[in-house]
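Visitor: This is the content of start_29.cif (mmCIF, C-alpha atoms):
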data_upload
#
loop_
_atom_site.label_atom_id
_atom_site.label_comp_id
_atom_site.auth_asym_id
_atom_site.auth_seq_id
_atom_site.Cartn_x
_atom_site.Cartn_y
_atom_site.Cartn_z
CA MET A 1 46.39 49.18 50.03
CA GLY A 2 43.06 50.85 49.24
CA ASN A 3 43.60 50.36 45.49
CA LEU A 4 44.37 46.67 46.01
CA LEU A 5 41.19 46.19 48.04
CA ALA A 6 39.13 48.07 45.44
CA LYS A 7 40.65 45.96 42.64
CA ALA A 8 40.02 42.73 44.56
CA LYS A 9 36.41 43.80 45.15
CA MET A 10 35.97 44.59 41.45
CA VAL A 11 37.40 41.19 40.44
CA HIS A 12 35.08 39.50 42.95
CA GLU A 13 32.02 41.35 41.60
CA GLU A 14 32.93 40.50 38.01
CA LYS A 15 33.23 36.83 38.94
CA VAL A 16 29.82 36.88 40.63
CA GLN A 17 28.30 38.62 37.58
CA ARG A 18 29.75 35.96 35.26
CA ILE A 19 28.26 33.24 37.45
CA ASP A 20 24.89 35.03 37.39
CA LYS A 21 24.96 35.13 33.59
CA TRP A 22 25.63 31.39 33.40
CA ILE A 23 22.90 30.68 35.97
CA GLU A 24 20.50 32.75 33.85
CA ARG A 25 21.47 30.74 30.75
CA GLY A 26 21.04 27.51 32.69
CA ILE A 27 17.55 28.55 33.82
CA PHE A 28 16.64 29.41 30.22
CA ALA A 29 17.81 25.96 29.02
CA PHE A 30 16.09 24.23 31.93
CA LEU A 31 12.70 25.79 31.16
CA ILE A 32 12.93 25.14 27.42
CA PHE A 33 14.03 21.49 27.58
CA LEU A 34 11.95 20.44 30.62
CA PRO A 35 8.89 19.23 28.63
CA ILE A 36 10.88 18.27 25.51
CA ILE A 37 14.14 16.48 26.39
CA SER A 38 14.07 15.97 30.14
CA PRO A 39 17.66 14.59 30.51
CA VAL A 40 19.01 17.87 29.06
CA SER A 41 16.82 19.80 31.48
CA VAL A 42 18.05 17.78 34.47
CA LEU A 43 21.66 18.34 33.38
CA SER A 44 20.91 22.07 33.16
CA LEU A 45 19.51 21.96 36.69
CA LEU A 46 22.61 20.19 38.00
CA PHE A 47 24.77 22.75 36.21
CA ILE A 48 22.80 25.58 37.87
CA LEU A 49 23.10 23.86 41.26
CA ILE A 50 26.90 23.61 40.96
CA LEU A 51 27.12 27.30 40.04
CA PHE A 52 24.73 28.17 42.87
CA ILE A 53 26.92 26.35 45.43
CA TYR A 54 30.07 27.97 44.00
CA LYS A 55 28.41 31.37 44.26
CA LEU A 56 27.53 30.63 47.89
CA LYS A 57 31.22 30.09 48.62
CA LEU A 58 32.09 33.46 47.08
CA ASP A 59 29.29 35.49 48.64
CA ARG A 60 26.33 34.48 50.79
CA SER A 61 24.83 37.94 50.86
CA PHE A 62 22.81 37.21 47.69
CA LEU A 63 20.61 34.77 49.62
CA LYS A 64 17.25 36.46 50.03
CA GLU A 65 15.11 36.54 53.14
CA ILE A 66 12.01 35.13 51.53
CA PRO A 67 9.14 34.39 53.97
CA LEU A 68 8.20 31.15 52.20
CA ASN A 69 11.66 29.62 52.83
CA LEU A 70 10.81 28.65 56.41
CA TRP A 71 7.62 26.86 55.38
CA MET A 72 9.49 25.04 52.61
CA LEU A 73 12.11 23.83 55.11
CA ILE A 74 9.36 22.55 57.42
CA PHE A 75 7.84 20.70 54.46
CA ILE A 76 11.20 19.05 53.67
CA LEU A 77 11.59 17.99 57.32
CA CYS A 78 8.10 16.45 57.45
CA VAL A 79 8.70 14.50 54.24
CA LEU A 80 12.06 13.34 55.63
CA LEU A 81 10.25 12.00 58.71
CA SER A 82 8.05 9.91 56.41
CA VAL A 83 11.24 8.42 54.93
CA ILE A 84 12.74 7.66 58.36
CA PHE A 85 9.56 5.86 59.52
CA SER A 86 8.76 4.34 56.12
CA THR A 87 7.49 0.79 55.67
CA TYR A 88 9.94 0.46 52.75
CA LYS A 89 12.91 2.62 53.78
CA LEU A 90 15.15 2.03 50.75
CA PHE A 91 12.26 2.67 48.38
CA SER A 92 11.40 5.90 50.22
CA LEU A 93 15.04 6.98 50.24
CA GLY A 94 15.15 6.67 46.45
CA ALA A 95 11.91 8.67 46.18
CA PHE A 96 13.34 11.32 48.53
CA ILE A 97 16.43 11.77 46.32
CA LEU A 98 14.08 12.74 43.48
CA PHE A 99 11.75 14.73 45.76
CA ILE A 100 14.56 16.91 47.15
CA PHE A 101 15.06 18.40 43.68
CA TYR A 102 11.62 20.04 44.02
CA PRO A 103 12.54 22.34 46.93
CA ILE A 104 16.07 22.74 45.53
CA THR A 105 14.54 24.05 42.31
CA TYR A 106 12.39 26.42 44.35
CA PHE A 107 15.38 27.77 46.32
CA ILE A 108 17.46 28.22 43.15
CA PHE A 109 14.73 30.15 41.31
CA ALA A 110 13.81 32.21 44.36
CA ASN A 111 17.43 33.28 44.92
CA SER A 112 18.69 33.69 41.35
CA PRO A 113 18.81 36.68 39.00
CA LEU A 114 15.61 36.35 36.99
CA SER A 115 15.08 38.10 33.68
CA GLU A 116 11.34 38.45 33.12
CA LYS A 117 11.81 38.62 29.35
CA LYS A 118 13.96 35.46 29.23
CA ILE A 119 11.54 33.54 31.46
CA LEU A 120 8.68 34.45 29.10
CA ASN A 121 10.76 33.58 26.04
CA ALA A 122 11.64 30.16 27.47
CA ILE A 123 8.01 29.42 28.39
CA LEU A 124 6.76 30.51 24.96
CA ILE A 125 9.40 28.52 23.04
CA SER A 126 8.85 25.30 25.01
CA GLY A 127 5.08 25.80 24.97
CA LEU A 128 4.93 26.32 21.21
CA ILE A 129 7.12 23.28 20.51
CA VAL A 130 4.97 21.08 22.76
CA THR A 131 1.60 22.29 21.41
CA VAL A 132 2.65 22.22 17.73
CA PHE A 133 3.96 18.68 18.22
CA GLY A 134 0.67 17.78 19.90
CA VAL A 135 -1.37 19.02 16.93
CA VAL A 136 0.94 17.17 14.50
CA GLU A 137 0.55 14.03 16.63
CA TYR A 138 -3.23 14.30 16.32
CA LEU A 139 -3.27 15.03 12.57
CA THR A 140 -0.79 12.29 11.66
CA LYS A 141 -2.12 9.78 14.25
CA LEU A 142 1.47 9.41 15.41
CA GLY A 143 2.20 6.85 18.13
CA PHE A 144 5.37 4.99 19.13
CA GLU A 145 7.56 3.98 22.07
CA TYR A 146 11.33 4.07 22.56
CA HIS A 147 13.04 2.99 25.77
CA ASN A 148 16.71 3.21 26.66
CA ARG A 149 18.64 3.49 29.91
CA PHE A 150 18.56 7.27 29.99
CA LEU A 151 15.86 8.08 27.47
CA ASN A 152 12.25 6.93 27.43
CA ILE A 153 9.93 8.28 24.75
CA THR A 154 6.24 7.39 24.60
CA ILE A 155 3.82 8.96 22.12
CA THR A 156 0.32 7.77 22.98
CA GLY A 157 -1.41 8.74 19.75
CA PRO A 158 -4.82 10.40 19.33
CA ILE A 159 -6.93 7.36 20.34
CA THR A 160 -6.34 7.76 24.09
CA GLY A 161 -5.74 11.51 23.75
CA ILE A 162 -2.58 13.32 22.67
CA GLY A 163 0.43 13.45 25.00
CA SER A 164 2.85 15.39 22.77
CA THR A 165 6.47 15.36 23.99
CA LEU A 166 5.37 14.49 27.54
CA GLY A 167 4.12 11.10 26.40
CA TRP A 168 0.76 10.97 28.17
CA PRO A 169 -2.45 13.07 27.96
CA ASN A 170 -2.66 13.86 31.68
CA ARG A 171 0.97 15.02 31.78
CA LEU A 172 0.42 17.32 28.82
CA SER A 173 -2.67 18.76 30.54
CA LYS A 174 -0.72 19.35 33.76
CA PHE A 175 2.05 21.14 31.85
CA LEU A 176 -0.34 23.39 29.93
CA ILE A 177 -2.35 24.23 33.05
CA LEU A 178 0.85 25.55 34.67
CA ILE A 179 2.20 27.69 31.82
CA THR A 180 -0.87 28.87 29.85
CA PRO A 181 -2.07 31.33 32.55
CA ILE A 182 1.38 32.99 32.53
CA VAL A 183 1.15 33.59 28.78
CA ILE A 184 -2.45 34.84 29.11
CA THR A 185 -1.69 37.41 31.83
CA THR A 186 1.54 38.60 30.21
CA SER A 187 -0.28 39.10 26.88
CA PHE A 188 -2.43 41.77 28.56
CA VAL A 189 0.58 44.04 29.09
CA GLU A 190 2.68 43.02 26.07
CA LYS A 191 3.42 46.05 23.87
CA SER A 192 5.19 44.28 21.01
CA VAL A 193 2.67 43.31 18.32
CA LYS A 194 4.86 40.39 17.22
CA ARG A 195 5.08 38.92 20.73
CA LYS A 196 1.34 39.52 21.26
CA ILE A 197 0.54 37.49 18.12
CA ILE A 198 2.89 34.69 19.23
CA SER A 199 1.25 34.69 22.68
CA TYR A 200 -2.25 34.47 21.18
CA LEU A 201 -1.11 31.67 18.86
CA PHE A 202 0.20 29.67 21.81
CA ILE A 203 -2.99 30.27 23.85
CA ILE A 204 -5.15 28.98 20.95
CA LEU A 205 -2.89 25.94 20.42
CA SER A 206 -2.86 25.26 24.16
CA LEU A 207 -6.66 25.27 24.41
CA ILE A 208 -6.91 22.99 21.34
CA CYS A 209 -4.37 20.58 22.85
CA LEU A 210 -6.20 20.54 26.18
CA LEU A 211 -9.34 19.42 24.33
CA LEU A 212 -7.38 16.82 22.34
CA THR A 213 -5.94 15.28 25.52
CA LYS A 214 -9.50 14.20 26.40
CA CYS A 215 -8.54 14.95 30.00
CA LEU A 216 -11.73 16.11 31.73
CA THR A 217 -10.04 17.50 34.85
CA GLY A 218 -7.64 19.52 32.70
CA MET A 219 -10.60 21.12 30.93
CA ILE A 220 -12.26 21.91 34.27
CA ALA A 221 -9.00 23.39 35.60
CA ILE A 222 -8.47 25.68 32.59
CA PHE A 223 -12.13 26.80 32.81
CA ALA A 224 -11.61 27.65 36.50
CA ILE A 225 -8.43 29.59 35.62
CA LEU A 226 -10.18 31.58 32.89
CA MET A 227 -13.05 32.35 35.26
CA ALA A 228 -10.58 33.49 37.94
CA ILE A 229 -8.84 35.79 35.43
CA LEU A 230 -12.24 37.21 34.42
CA PHE A 231 -13.05 37.82 38.08
CA PHE A 232 -10.04 40.13 38.35
CA ARG A 233 -10.46 41.79 34.95
CA ARG A 234 -14.16 41.73 34.01
CA LYS A 235 -16.35 41.10 37.06
CA LYS A 236 -19.64 41.58 35.19
CA VAL A 237 -18.67 39.06 32.50
CA PHE A 238 -17.52 36.70 35.25
CA ALA A 239 -20.88 36.98 37.05
CA ILE A 240 -22.86 36.33 33.83
CA LEU A 241 -20.75 33.29 32.90
CA LEU A 242 -20.89 31.92 36.44
CA ILE A 243 -24.68 32.14 36.61
CA GLY A 244 -24.96 30.68 33.10
CA SER A 245 -22.65 27.78 34.01
CA ILE A 246 -24.63 26.98 37.17
CA ILE A 247 -27.94 26.99 35.26
CA LEU A 248 -26.54 24.76 32.49
CA SER A 249 -25.07 22.37 35.06
CA VAL A 250 -28.34 22.08 37.00
CA PHE A 251 -30.36 21.24 33.86
CA ASN A 252 -27.74 18.84 32.47
CA ILE A 253 -26.64 16.84 35.52
CA SER A 254 -27.27 13.45 33.89
CA TYR A 255 -25.28 14.47 30.80
CA LEU A 256 -22.40 15.74 32.96
CA ARG A 257 -22.36 12.45 34.86
CA LEU A 258 -22.19 10.58 31.56
CA ILE A 259 -19.18 12.68 30.48
CA ALA A 260 -17.50 12.13 33.87
CA ASP A 261 -17.96 8.36 33.60
CA ARG A 262 -16.75 8.28 30.01
CA TYR A 263 -13.65 10.48 30.28
CA GLY A 264 -12.92 10.63 34.00
CA ALA A 265 -12.68 6.92 34.96
CA MET A 266 -14.05 7.96 38.35
CA GLY A 267 -15.17 4.49 39.50
CA VAL A 268 -11.72 3.15 40.42
CA ARG A 269 -10.76 6.52 41.87
CA PHE A 270 -13.78 6.63 44.19
CA TYR A 271 -13.12 3.07 45.27
CA SER A 272 -9.52 3.89 46.26
CA TRP A 273 -10.56 7.10 48.03
CA ARG A 274 -13.31 5.34 50.03
CA ASN A 275 -11.58 2.06 50.81
CA THR A 276 -7.80 1.84 50.25
CA ILE A 277 -6.55 5.24 51.45
CA PRO A 278 -8.57 5.39 54.72
CA LYS A 279 -7.09 2.00 55.70
CA ILE A 280 -3.53 3.19 55.02
CA PHE A 281 -4.17 6.40 56.95
CA ARG A 282 -5.54 4.53 59.99
CA HIS A 283 -2.32 2.51 60.19
CA TYR A 284 0.09 5.41 59.51
CA PRO A 285 -1.68 8.67 60.49
CA LEU A 286 1.26 10.86 61.49
CA THR A 287 4.08 10.23 59.00
CA GLY A 288 2.30 8.03 56.46
CA SER A 289 3.45 4.74 54.96
CA GLY A 290 6.54 6.45 53.53
CA LEU A 291 7.32 8.66 50.56
CA GLY A 292 6.88 6.80 47.27
CA THR A 293 5.37 3.69 48.89
CA TYR A 294 1.76 3.96 47.65
CA LEU A 295 2.62 1.73 44.68
CA LYS A 296 3.99 -0.90 47.07
CA ILE A 297 1.49 -0.73 49.89
CA SER A 298 -1.88 -0.03 48.23
CA PRO A 299 -2.39 -3.63 46.94
CA GLU A 300 -2.08 -4.85 50.54
CA TYR A 301 -5.12 -2.75 51.50
CA ASP A 302 -7.19 -3.57 48.43
CA LYS A 303 -8.15 -7.22 48.75
CA GLU A 304 -10.81 -6.97 46.05
CA HIS A 305 -8.34 -5.45 43.54
CA LYS A 306 -10.76 -2.75 42.41
CA GLY A 307 -8.59 0.33 43.01
CA VAL A 308 -5.58 1.91 41.32
CA TYR A 309 -2.08 1.13 42.57
CA SER A 310 0.23 3.48 40.66
CA HIS A 311 -0.86 6.55 42.63
CA ALA A 312 -3.89 7.78 44.55
CA HIS A 313 -5.27 9.93 41.70
CA ASN A 314 -5.62 12.74 44.22
CA LEU A 315 -2.77 15.02 45.22
CA TYR A 316 -3.97 15.53 48.79
CA LEU A 317 -4.93 11.93 49.57
CA HIS A 318 -1.69 10.72 48.01
CA TYR A 319 0.38 12.93 50.32
CA LEU A 320 -1.84 11.94 53.25
CA SER A 321 -1.27 8.21 52.67
CA GLU A 322 2.48 8.50 51.99
CA THR A 323 3.56 11.32 54.34
CA GLY A 324 0.70 11.44 56.84
CA ILE A 325 -0.82 14.47 58.53
CA LEU A 326 2.60 16.09 58.92
CA GLY A 327 3.48 15.82 55.23
CA LEU A 328 0.12 16.90 53.89
CA GLY A 329 -0.22 19.65 56.50
CA SER A 330 3.20 21.13 55.75
CA PHE A 331 2.56 20.97 51.98
CA LEU A 332 -0.75 22.80 52.42
CA LEU A 333 0.99 25.38 54.60
CA VAL A 334 3.50 26.04 51.80
CA ILE A 335 0.63 26.49 49.32
CA ILE A 336 -1.47 28.66 51.67
CA MET A 337 1.49 30.93 52.48
CA PHE A 338 2.41 31.11 48.78
CA PHE A 339 -1.08 32.41 47.95
CA TYR A 340 -1.02 34.71 50.96
CA TYR A 341 2.26 36.39 49.95
CA THR A 342 1.40 36.65 46.24
CA ILE A 343 -2.10 38.04 46.84
CA ILE A 344 -0.78 40.62 49.30
CA TYR A 345 1.88 41.62 46.76
CA LEU A 346 -0.59 41.90 43.87
CA ARG A 347 -3.00 43.96 45.99
CA LYS A 348 -0.25 46.37 47.08
CA SER A 349 1.37 46.69 43.65
CA SER A 350 -0.58 45.71 40.54
CA PHE A 351 -2.20 42.70 38.88
CA TYR A 352 0.16 43.34 35.97
CA SER A 353 3.31 43.68 38.08
CA CYS A 354 6.45 41.99 36.66
CA ARG A 355 4.78 41.86 33.23
CA GLY A 356 1.95 39.73 34.65
CA ILE A 357 4.21 36.77 35.42
CA ILE A 358 3.35 36.70 39.15
CA ALA A 359 -0.40 36.77 38.52
CA GLY A 360 -0.09 34.12 35.79
CA GLY A 361 2.09 31.88 37.95
CA THR A 362 -0.43 32.14 40.79
CA PHE A 363 -3.27 31.14 38.46
CA GLY A 364 -1.15 28.23 37.20
CA ILE A 365 -0.63 26.88 40.73
CA PHE A 366 -4.34 27.44 41.44
CA GLY A 367 -5.27 25.38 38.34
CA SER A 368 -2.86 22.61 39.33
CA LEU A 369 -4.45 22.36 42.76
CA ILE A 370 -7.86 21.91 41.11
CA PHE A 371 -6.30 19.28 38.86
CA GLY A 372 -4.98 17.69 42.06
CA MET A 373 -8.50 16.66 43.07
CA THR A 374 -8.40 13.78 40.58
CA GLU A 375 -4.67 13.51 39.80
CA THR A 376 -1.50 13.46 41.88
CA VAL A 377 -0.14 16.27 39.61
CA ILE A 378 3.45 16.50 40.88
CA ASP A 379 4.15 12.74 40.91
CA TYR A 380 5.67 13.09 37.42
CA PHE A 381 9.20 14.48 37.86
CA GLN A 382 9.09 17.07 35.06
CA ILE A 383 5.75 18.49 36.24
CA GLY A 384 6.90 18.56 39.87
CA LEU A 385 10.00 20.52 38.90
CA LEU A 386 7.92 23.01 36.90
CA PHE A 387 5.39 23.36 39.76
CA PHE A 388 8.07 24.31 42.29
CA SER A 389 9.96 26.41 39.70
CA ILE A 390 6.90 28.62 39.25
CA ILE A 391 6.56 29.03 43.03
CA GLY A 392 10.27 29.99 43.12
CA ILE A 393 9.93 32.41 40.19
CA ASN A 394 7.00 34.15 41.88
CA MET A 395 8.74 34.50 45.23
CA GLY A 396 11.99 35.63 43.55
CA LEU A 397 10.23 38.33 41.54
CA ILE A 398 8.28 39.49 44.60
CA ASN A 399 11.49 39.78 46.59
CA LYS A 400 13.13 41.60 43.68
CA ASN A 401 10.64 44.46 44.18
CA LYS A 402 11.88 45.96 47.46
CA ASN A 403 9.20 48.66 47.49
CA VAL A 404 6.45 46.21 48.41
CA SER A 405 6.73 44.66 51.87
CA LEU A 406 5.02 41.43 52.85
#
Take the structure from the file and write it as structure tokens.

Guide:
Amino acid sequence: MGNLLAKAKMVHEEKVQRIDKWIERGIFAFLIFLPIISPVSVLSLLFILILFIYKLKLDRSFLKEIPLNLWMLIFILCVLLSVIFSTYKLFSLGAFILFIFYPITYFIFANSPLSEKKILNAILISGLIVTVFGVVEYLTKLGFEYHNRFLNITITGPITGIGSTLGWPNRLSKFLILITPIVITTSFVEKSVKRKIISYLFIILSLICLLLTKCLTGMIAIFAILMAILFFRRKKVFAILLIGSIILSVFNISYLRLIADRYGAMGVRFYSWRNTIPKIFRHYPLTGSGLGTYLKISPEYDKEHKGVYSHAHNLYLHYLSETGILGLGSFLLVIIMFFYYTIIYLRKSSFYSCRGIIAGGTFGIFGSLIFGMTETVIDYFQIGLLFFSIIGINMGLINKNKNVSL
């Protein structure tokens, strides 16, 4: 009887290990194809989800007690309330079906076997493909559009700024802001000369592409990230650069305003922030107008037609108008607790813990939140998935290290 139980246990463990290997492969494919061929990436995610559910049926003990889970569940509930009380319920329901993949991605990454090396490989491969394509797009002045039922490809061309495989300059900037800090921090601890060279090559290409996007907020975000990294690594250099930046800014305010007007298109943004969004908020303060309804409802509150209708061009105001105080508040709680847990972990362990992935991921989220001051950031499905994937990766790696308690 004992032998039969031992054999059954061994068979069960082997089955779980096989599932883990396929989940790991799925995660690798998901990260590589996300900015390149999004339908393949979504299929990879669905494949991982099926395996994840099957693994749950075999053994629920692998589910990790991650502190951020509770806050993520509260966030989902608050967004669901905005759907229930939406001004356009069917529209919000469709938006919620897409939205739910964000927290699902988080839960999968936070509770899956994560290979630090494979995560870095996937990020480097996808990053190099995207940045090389971006440089080629600029040099060849490439630009075209292709639309099908399941595949939409838009290459903007260098006139409006390069978009590479993501099809639009702002999207490319958002993508690079999320992954570049991970490559920077991991390059500090990389021992392989070959991988170090590849990392440096990507960092250089990434910075070039960020300039070629002509996206002002992206440039500000990457500057803030680099300054934050310097603060942790070279405090004296950070202090000198900070003082120098302040002095230059004070003596060149008019020039900075000119750049903001030329590349930032701030006029329509300010109009929406001052006029359209406050009106929406006054009517729907608690649960908002409904997830995904800004496109529908904003023209009703902009009689002069001077604002922007696609999205609020501000992550926080967008959530405030669509999901109200509850939605925005719960989202900010997720972000605050994410920073709280990661900073505590890094202080108790090391800035370079987990090959620097945790520190890099934290800087990436930090940069995205800065970007969120003039862009909605996670409104684009691919970027939203990557944003929550990085949060999941960080929390999964933190939980993997049992020696550090939060």

Visitor: Mind checking which residues fall within 10 Å of Ile203 (chain A), counting only C-alpha atoms, ignoring those fewer than 6 positions away in the same chain, and posting them as a list of chain:residue names?

Guide: A:Leu124, A:Gly127, A:Leu128, A:Thr131, A:Leu176, A:Ile179, A:Thr180, A:Pro181, A:Val183, A:Ile184, A:Ser187, A:Ile197, A:Cys209

Visitor: Determine the residue set returned by the PyMOL selection byres ((chain A and resi 324-336) around 6) for the present structure, and present it as number ranges by chain.

Guide: A: 71, 75, 78-79, 285-288, 319-323, 337-339

Visitor: Written as a VMD selection string, which residues does the PyMOL selection byres ((chain A and resi 34) around 12) give for the file shown?

Guide: chain A and resid 26 to 33 35 to 45 122 to 123 125 to 127 129 to 130 165 to 166 175 380 to 387 389

Visitor: Using the chain letters and numbers from the file, which residues does the PyMOL selection byres ((chain A and resi 103) around 12) grab, as JSON, numbers by chain?

Guide: {"A": [68, 69, 70, 71, 72, 73, 74, 75, 76, 77, 79, 96, 97, 98, 99, 100, 101, 102, 104, 105, 106, 107, 108, 109, 110, 331, 334, 384, 385, 386, 387, 388, 389, 390, 391, 392]}

Visitor: Can I get the selection written as a compact mmCIF listing (two decimals), in the coordinates of the input, with C-alpha atoms?

Guide:
# COMPACT_ATOMS: atom_id res chain seq x y z
CA LEU A 68 8.20 31.15 52.20
CA ASN A 69 11.66 29.62 52.83
CA LEU A 70 10.81 28.65 56.41
CA TRP A 71 7.62 26.86 55.38
CA MET A 72 9.49 25.04 52.61
CA LEU A 73 12.11 23.83 55.11
CA ILE A 74 9.36 22.55 57.42
CA PHE A 75 7.84 20.70 54.46
CA ILE A 76 11.20 19.05 53.67
CA LEU A 77 11.59 17.99 57.32
CA VAL A 79 8.70 14.50 54.24
CA PHE A 96 13.34 11.32 48.53
CA ILE A 97 16.43 11.77 46.32
CA LEU A 98 14.08 12.74 43.48
CA PHE A 99 11.75 14.73 45.76
CA ILE A 100 14.56 16.91 47.15
CA PHE A 101 15.06 18.40 43.68
CA TYR A 102 11.62 20.04 44.02
CA ILE A 104 16.07 22.74 45.53
CA THR A 105 14.54 24.05 42.31
CA TYR A 106 12.39 26.42 44.35
CA PHE A 107 15.38 27.77 46.32
CA ILE A 108 17.46 28.22 43.15
CA PHE A 109 14.73 30.15 41.31
CA ALA A 110 13.81 32.21 44.36
CA PHE A 331 2.56 20.97 51.98
CA VAL A 334 3.50 26.04 51.80
CA GLY A 384 6.90 18.56 39.87
CA LEU A 385 10.00 20.52 38.90
CA LEU A 386 7.92 23.01 36.90
CA PHE A 387 5.39 23.36 39.76
CA PHE A 388 8.07 24.31 42.29
CA SER A 389 9.96 26.41 39.70
CA ILE A 390 6.90 28.62 39.25
CA ILE A 391 6.56 29.03 43.03
CA GLY A 392 10.27 29.99 43.12

Visitor: Quick one: everything within 9 Å of region 228-237 of chain A, counting all atoms listed in the file, minus sequence neighbours fewer than 2 positions away in the same chain. Send it as a list in words.

Guide: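 Returned residues: Pro181, Thr185, Phe223, Ala224, Ile225, Leu226, Ala239, Ile240, Leu241, Leu242, Phe351, Gly360 and Phe363 of chain A.
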
Visitor: Nearest to Val16 (chain A): which of A:Leu93, A:Ala221, A:Asp379, A:Ser112 is it, counting all atoms listed in the file?

Guide: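 Closest to Val16 (chain A), using all atoms listed in the file: A:Ser112.
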
Visitor: Could you tell me how far CA of Tyr54 (chain A) lies from CA of Gly396 (chain A), in Å and to one decimal?

Guide: 19.6 Å

Visitor: Rank A:Arg195, A:Arg18, A:His283, A:Lys141 by their smallest atom-to-atom distance to Lys117 (chain A), using all atoms listed in the file, and report the top residue only.

Guide: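 The answer is A:Arg195, which sits nearest to Lys117 (chain A).
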
Visitor: Using only C-alpha atoms, which of the listed residues (A:Ala95, A:Val377, A:Ala359, A:Ile66) sits closest to Asn399 (chain A)?

Guide: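 For Asn399 (chain A), the nearest of the candidates is A:Ile66.
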
Visitor: For CA of Gly292 (chain A) and CA of Gly94 (chain A), determine how far apart the two atoms are, in Å to one decimal place.

Guide: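 Between these atoms lies a distance of 8.3 Å.
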
Visitor: Quick one: distance from CA of Leu90 (chain A) to CA of Lys296 (chain A) in Å, one decimal?

Guide: 12.1 Å

Visitor: Counting only C-alpha atoms, which residue out of A:His311, A:Pro299, A:Ser289, A:Tyr345 sits closest to Lys89 (chain A)?

Guide: A:Ser289

Visitor: For region 73-89 of chain A, take all atoms listed in the file, fit an axis-aligned box around them, add 5 Å to each of the six sides, then output centre and edge lengths in Å rounded to one decimal, as lines of an AutoDock Vina configuration file.

Guide:
center_x = 10.2
center_y = 12.1
center_z = 56.1
size_x = 15.4
size_y = 33.4
size_z = 16.8

Visitor: Can you tell me, as an MDAnalysis selection string, what residues are no more than 8 Å from Arg355 (chain A) when counting only C-alpha atoms, ignoring any on the same chain fewer than 5 positions away?

Guide: chainID A and resid 116 185:186 189:190
